[in-house]
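Chemist: Have a look at this one.
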Amino acid sequence: MSARHTLAIVGAGPTTLMFLNELLQLATVLLRDLDITVFEASDSPGRGFAFGDDAIHPCLLSNNTPDEIPVLTMPFSQWYRQENRKPEKAEDVHSNVVTRAAIGAYFSFSYKIIFQKLIERGLAIRHEKNTVVENLKRCPQGIQLSLNSGNSEYFEKVFINYGKERSGGTLNNTLQPYPVARYANASLKTYTVIGTSLTGIDCVTGIAHTRGAFTYHNNKLVYNSPEEWTVNLFSSHGTFPRIWYSSHYKDPRGHLNENLRF
């Protein structure tokens, strides 16, 4: 009988999700020698920081179409229709830009399905949610993980699969862009955003949706906010990024523009 290999994975975000999906492609006999534990600081697996509810605003876009999202348990478009109870004859979502929140929900859904399938295939795997790995060190028993519960566990191999947000900004008196709610909910009169990358656009979009609302009036997009505030964008290049958005905007000739770029 071959020896079992104990593996710990710290973080249950998209990287771990893709890793587990790869394990699902292996022969069952190869899975029987593995004993895996996944430690996740939050209670929502698969999302990670980039697509997690705590870090993003529901309206932030991903700049990805469904066809660019990896197929896991099912294609994203199929999952989207299923979750939103949209009939097959409804408007196709293949060419629409997806929100980060939707991708996060899809990843979380897929993680749970893949996790259960691995168990059914005979893999010894467990998921520890709301568990923070505070320290690790080598010792005679293997690699010791010290947990926020005060307990310690030992493993043969440890994989670190998480990204850590920096606690402070790169300049004095600045904030990191995520989560947007950290500053969007504040009653500030002026916001200064350094940079006009996609992250900068996320900042402005998150602030705008938090402090007001976009509506259509006489076929024009109008923004209304109950209070006055200003955003100043600073860019070293003086240009905005090229963002691909599918659009149903009609040009002056009445032609539908499916590939409008801003």
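Chain lettering (A, B, ...) mirrors the order of the structure tokens, residue numbering begins at 1 for each chain separately, and ligand numbering begins at 1 in order of display.
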Can you pull out every residue within 8 Å of Glu156 of chain A, counting only C-alpha atoms, but drop anything in the same chain fewer than 3 positions away, and send it as an MDAnalysis selection string?
Modeler: chainID A and resid 5:7 142:143
Chemist: Based on DSSP run over this structure's backbone, return all residues of segment 31-181 of chain A in helix (DSSP H, G or I), as a ChimeraX atom specification.
Modeler: /A:31,66-68,76-84,100-120,181
Chemist: Produce a file of the selected residues containing N, CA, C and O atoms, as a CSV table (one decimal), in the first residue's frame.
Modeler:
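Final output, saved to out_38.csv:
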```csv
chain,number,residue,atom,x,y,z
A,31,LEU,N,-5.9,9.8,-7.1
A,31,LEU,CA,-6.4,10.7,-6.0
A,31,LEU,C,-6.4,10.0,-4.7
A,31,LEU,O,-6.4,10.6,-3.6
A,66,PRO,N,-18.4,36.4,-21.4
A,66,PRO,CA,-18.6,35.0,-20.9
A,66,PRO,C,-17.7,34.0,-21.6
A,66,PRO,O,-17.3,33.0,-21.0
A,67,ASP,N,-17.4,34.2,-22.9
A,67,ASP,CA,-16.6,33.2,-23.7
A,67,ASP,C,-15.2,33.2,-23.2
A,67,ASP,O,-14.4,32.3,-23.5
A,68,GLU,N,-14.8,34.3,-22.5
A,68,GLU,CA,-13.4,34.3,-22.0
A,68,GLU,C,-13.2,33.8,-20.6
A,68,GLU,O,-12.1,33.7,-20.1
A,76,PHE,N,-20.2,29.5,-18.5
A,76,PHE,CA,-20.8,30.6,-17.7
A,76,PHE,C,-22.2,31.0,-18.2
A,76,PHE,O,-23.1,31.3,-17.4
A,77,SER,N,-22.3,31.1,-19.5
A,77,SER,CA,-23.6,31.6,-20.1
A,77,SER,C,-24.8,30.7,-19.7
A,77,SER,O,-25.8,31.1,-19.3
A,78,GLN,N,-24.5,29.4,-19.6
A,78,GLN,CA,-25.5,28.4,-19.2
A,78,GLN,C,-25.9,28.6,-17.7
A,78,GLN,O,-27.0,28.7,-17.3
A,79,TRP,N,-24.8,28.8,-16.9
A,79,TRP,CA,-25.0,29.0,-15.5
A,79,TRP,C,-25.8,30.3,-15.2
A,79,TRP,O,-26.7,30.4,-14.4
A,80,TYR,N,-25.4,31.4,-16.0
A,80,TYR,CA,-26.1,32.7,-15.8
A,80,TYR,C,-27.6,32.6,-16.1
A,80,TYR,O,-28.4,33.2,-15.4
A,81,ARG,N,-27.9,31.9,-17.2
A,81,ARG,CA,-29.4,31.8,-17.5
A,81,ARG,C,-30.1,31.0,-16.4
A,81,ARG,O,-31.2,31.3,-16.0
A,82,GLN,N,-29.4,30.0,-15.9
A,82,GLN,CA,-30.0,29.1,-14.9
A,82,GLN,C,-30.2,29.9,-13.6
A,82,GLN,O,-31.3,29.8,-13.0
A,83,GLU,N,-29.2,30.7,-13.2
A,83,GLU,CA,-29.3,31.4,-12.0
A,83,GLU,C,-30.3,32.6,-12.1
A,83,GLU,O,-31.0,32.9,-11.1
A,84,ASN,N,-30.4,33.2,-13.2
A,84,ASN,CA,-31.3,34.3,-13.4
A,84,ASN,C,-32.7,33.9,-14.0
A,84,ASN,O,-33.5,34.7,-14.3
A,100,ARG,N,-18.0,41.7,-12.0
A,100,ARG,CA,-17.1,40.9,-11.2
A,100,ARG,C,-18.0,40.0,-10.2
A,100,ARG,O,-17.6,38.9,-9.9
A,101,ALA,N,-19.0,40.6,-9.7
A,101,ALA,CA,-19.9,39.9,-8.8
A,101,ALA,C,-20.4,38.6,-9.4
A,101,ALA,O,-20.5,37.5,-8.7
A,102,ALA,N,-20.8,38.7,-10.7
A,102,ALA,CA,-21.3,37.5,-11.4
A,102,ALA,C,-20.3,36.4,-11.5
A,102,ALA,O,-20.5,35.2,-11.3
A,103,ILE,N,-19.1,36.8,-11.9
A,103,ILE,CA,-18.0,35.9,-12.0
A,103,ILE,C,-17.7,35.2,-10.6
A,103,ILE,O,-17.5,34.0,-10.5
A,104,GLY,N,-17.7,36.0,-9.6
A,104,GLY,CA,-17.5,35.5,-8.3
A,104,GLY,C,-18.5,34.5,-7.9
A,104,GLY,O,-18.2,33.4,-7.3
A,105,ALA,N,-19.8,34.7,-8.2
A,105,ALA,CA,-20.8,33.8,-7.9
A,105,ALA,C,-20.7,32.5,-8.7
A,105,ALA,O,-20.9,31.4,-8.2
A,106,TYR,N,-20.3,32.6,-9.9
A,106,TYR,CA,-20.0,31.5,-10.8
A,106,TYR,C,-18.9,30.6,-10.2
A,106,TYR,O,-18.9,29.4,-10.2
A,107,PHE,N,-17.8,31.3,-9.8
A,107,PHE,CA,-16.6,30.6,-9.3
A,107,PHE,C,-17.0,29.8,-8.0
A,107,PHE,O,-16.6,28.7,-7.7
A,108,SER,N,-17.8,30.5,-7.1
A,108,SER,CA,-18.2,29.9,-5.9
A,108,SER,C,-19.1,28.7,-6.1
A,108,SER,O,-19.0,27.6,-5.5
A,109,PHE,N,-20.0,28.8,-7.0
A,109,PHE,CA,-20.9,27.7,-7.4
A,109,PHE,C,-20.1,26.5,-7.9
A,109,PHE,O,-20.3,25.4,-7.5
A,110,SER,N,-19.1,26.8,-8.8
A,110,SER,CA,-18.3,25.7,-9.4
A,110,SER,C,-17.4,25.1,-8.4
A,110,SER,O,-17.2,23.8,-8.4
A,111,TYR,N,-16.9,25.9,-7.4
A,111,TYR,CA,-16.0,25.3,-6.4
A,111,TYR,C,-16.8,24.2,-5.6
A,111,TYR,O,-16.2,23.1,-5.4
A,112,LYS,N,-18.0,24.5,-5.2
A,112,LYS,CA,-18.8,23.6,-4.4
A,112,LYS,C,-19.1,22.3,-5.2
A,112,LYS,O,-19.0,21.2,-4.6
A,113,ILE,N,-19.4,22.4,-6.4
A,113,ILE,CA,-19.7,21.3,-7.3
A,113,ILE,C,-18.4,20.4,-7.5
A,113,ILE,O,-18.5,19.2,-7.3
A,114,ILE,N,-17.3,21.0,-7.8
A,114,ILE,CA,-16.1,20.3,-8.0
A,114,ILE,C,-15.6,19.6,-6.7
A,114,ILE,O,-15.2,18.5,-6.7
A,115,PHE,N,-15.7,20.3,-5.6
A,115,PHE,CA,-15.3,19.8,-4.3
A,115,PHE,C,-16.1,18.5,-4.0
A,115,PHE,O,-15.5,17.5,-3.6
A,116,GLN,N,-17.4,18.5,-4.3
A,116,GLN,CA,-18.3,17.4,-4.0
A,116,GLN,C,-17.9,16.2,-4.9
A,116,GLN,O,-17.9,15.0,-4.5
A,117,LYS,N,-17.6,16.5,-6.2
A,117,LYS,CA,-17.3,15.5,-7.2
A,117,LYS,C,-16.0,14.8,-6.8
A,117,LYS,O,-15.8,13.6,-7.0
A,118,LEU,N,-15.0,15.6,-6.2
A,118,LEU,CA,-13.7,15.0,-5.8
A,118,LEU,C,-13.9,14.1,-4.6
A,118,LEU,O,-13.3,13.0,-4.6
A,119,ILE,N,-14.8,14.4,-3.7
A,119,ILE,CA,-15.2,13.5,-2.6
A,119,ILE,C,-15.8,12.2,-3.2
A,119,ILE,O,-15.4,11.1,-2.7
A,120,GLU,N,-16.7,12.4,-4.1
A,120,GLU,CA,-17.3,11.2,-4.7
A,120,GLU,C,-16.3,10.3,-5.5
A,120,GLU,O,-16.5,9.1,-5.6
A,181,ALA,N,-16.2,50.4,-1.0
A,181,ALA,CA,-17.1,50.8,0.1
A,181,ALA,C,-16.3,51.5,1.2
A,181,ALA,O,-16.9,52.3,2.0
```
Chemist: So which residues touch His127 of chain A within 8 Å, counting only C-alpha atoms, skipping near sequence neighbours fewer than 5 positions away, as a list in words?
Modeler: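 Here the answer would be Thr37, Val38, Phe39 and Glu40 of chain A.
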Chemist: Keeping only C-alpha atoms, take the residues you just selected and write them out as a CSV table (one decimal), in the first residue's frame.
Modeler:
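And here is the file that came out, again08.csv:
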```
chain,number,residue,atom,x,y,z
A,37,THR,CA,-7.1,20.4,3.5
A,38,VAL,CA,-8.1,23.8,2.1
A,39,PHE,CA,-8.0,26.7,4.6
A,40,GLU,CA,-10.1,29.8,3.6
```
Chemist: Please provide the set of residues having any atom within 9 Å of segment 195-208 of chain A, restricted to only C-alpha atoms, with same-chain residues fewer than 2 positions apart removed, written as a ChimeraX atom specification.
Modeler: /A:56-61,63,177-178,180-181,183-185,191,193,210-214,223,225,231,233-241,243
Chemist: Could you tell me how far atom CA of Ile160 of chain A lies from atom CA of Leu136 of chain A, in Å and to one decimal?
Modeler: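 Separation between atom CA of Ile160 of chain A and atom CA of Leu136 of chain A: 10.8 Å.
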Chemist: Ala27 of chain A: which residues within 12 Å, counting only C-alpha atoms, same-chain residues fewer than 4 positions away excluded, as a PyMOL selection string?
Modeler: chain A and resi 22-23+31-33+118+121-123
Chemist: Atoms to include: N, CA, C and O atoms. Write the selected residues as a compact mmCIF listing (two decimals), in the first residue's frame.
Modeler:
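Output file selection-v5.txt follows:
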```
# COMPACT_ATOMS: atom_id res chain seq x y z
N GLU A 22 -8.34 20.74 -12.03
CA GLU A 22 -7.33 19.90 -12.67
C GLU A 22 -7.27 18.53 -12.00
O GLU A 22 -7.09 17.50 -12.66
N LEU A 23 -7.40 18.50 -10.68
CA LEU A 23 -7.41 17.22 -9.96
C LEU A 23 -8.55 16.34 -10.44
O LEU A 23 -8.42 15.11 -10.51
N LEU A 31 -5.87 9.84 -7.08
CA LEU A 31 -6.44 10.67 -6.02
C LEU A 31 -6.42 9.98 -4.67
O LEU A 31 -6.45 10.64 -3.63
N ARG A 32 -6.36 8.66 -4.67
CA ARG A 32 -6.48 7.91 -3.43
C ARG A 32 -5.28 8.05 -2.51
O ARG A 32 -5.35 7.72 -1.33
N ASP A 33 -4.16 8.54 -3.04
CA ASP A 33 -2.96 8.71 -2.22
C ASP A 33 -2.85 10.12 -1.66
O ASP A 33 -1.86 10.44 -1.00
N LEU A 118 -15.01 15.60 -6.24
CA LEU A 118 -13.74 15.02 -5.80
C LEU A 118 -13.95 14.05 -4.64
O LEU A 118 -13.31 12.99 -4.58
N ARG A 121 -15.25 10.91 -5.96
CA ARG A 121 -14.21 10.16 -6.66
C ARG A 121 -13.25 9.47 -5.69
O ARG A 121 -12.34 8.75 -6.11
N GLY A 122 -13.42 9.69 -4.39
CA GLY A 122 -12.59 9.02 -3.40
C GLY A 122 -11.46 9.85 -2.84
O GLY A 122 -10.63 9.34 -2.07
N LEU A 123 -11.39 11.14 -3.18
CA LEU A 123 -10.33 11.99 -2.64
C LEU A 123 -10.65 12.39 -1.21
O LEU A 123 -11.77 12.82 -0.90
```
Chemist: Determine which residues of segment 65-207 of chain A DSSP labels as strand (DSSP E) from the backbone of this structure, then write them out as an NGL selection string.
Modeler: :A and (124-128 or 133-139 or 142-147 or 152-155 or 157-160 or 190-194)
Chemist: Excluding segment 8-11 of chain A and residues on its chain fewer than 6 positions from it, collect all residues at most 12 Å away from it, counting only C-alpha atoms, and give them as an MDAnalysis selection string.
Modeler: chainID A and resid 17 19:20 34:49 124:136 142:147 153:164
Chemist: Would you work out the distance separating atom CA of Lys189 of chain A from atom CA of Phe51 of chain A, expressed in Å to one decimal?
Modeler: 28.5 Å
Chemist: In terms of the shortest atom-to-atom distance over only C-alpha atoms, which of A:Thr192, A:Gln176, A:Ser187, A:Tyr216 is closest to Glu228 of chain A?
Modeler: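 Nearest to Glu228 of chain A: A:Ser187.
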Chemist: Quick one, how far is atom CA of Ala3 of chain A from atom CA of Thr15 of chain A?
Modeler: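 So the answer is 26.7 Å.
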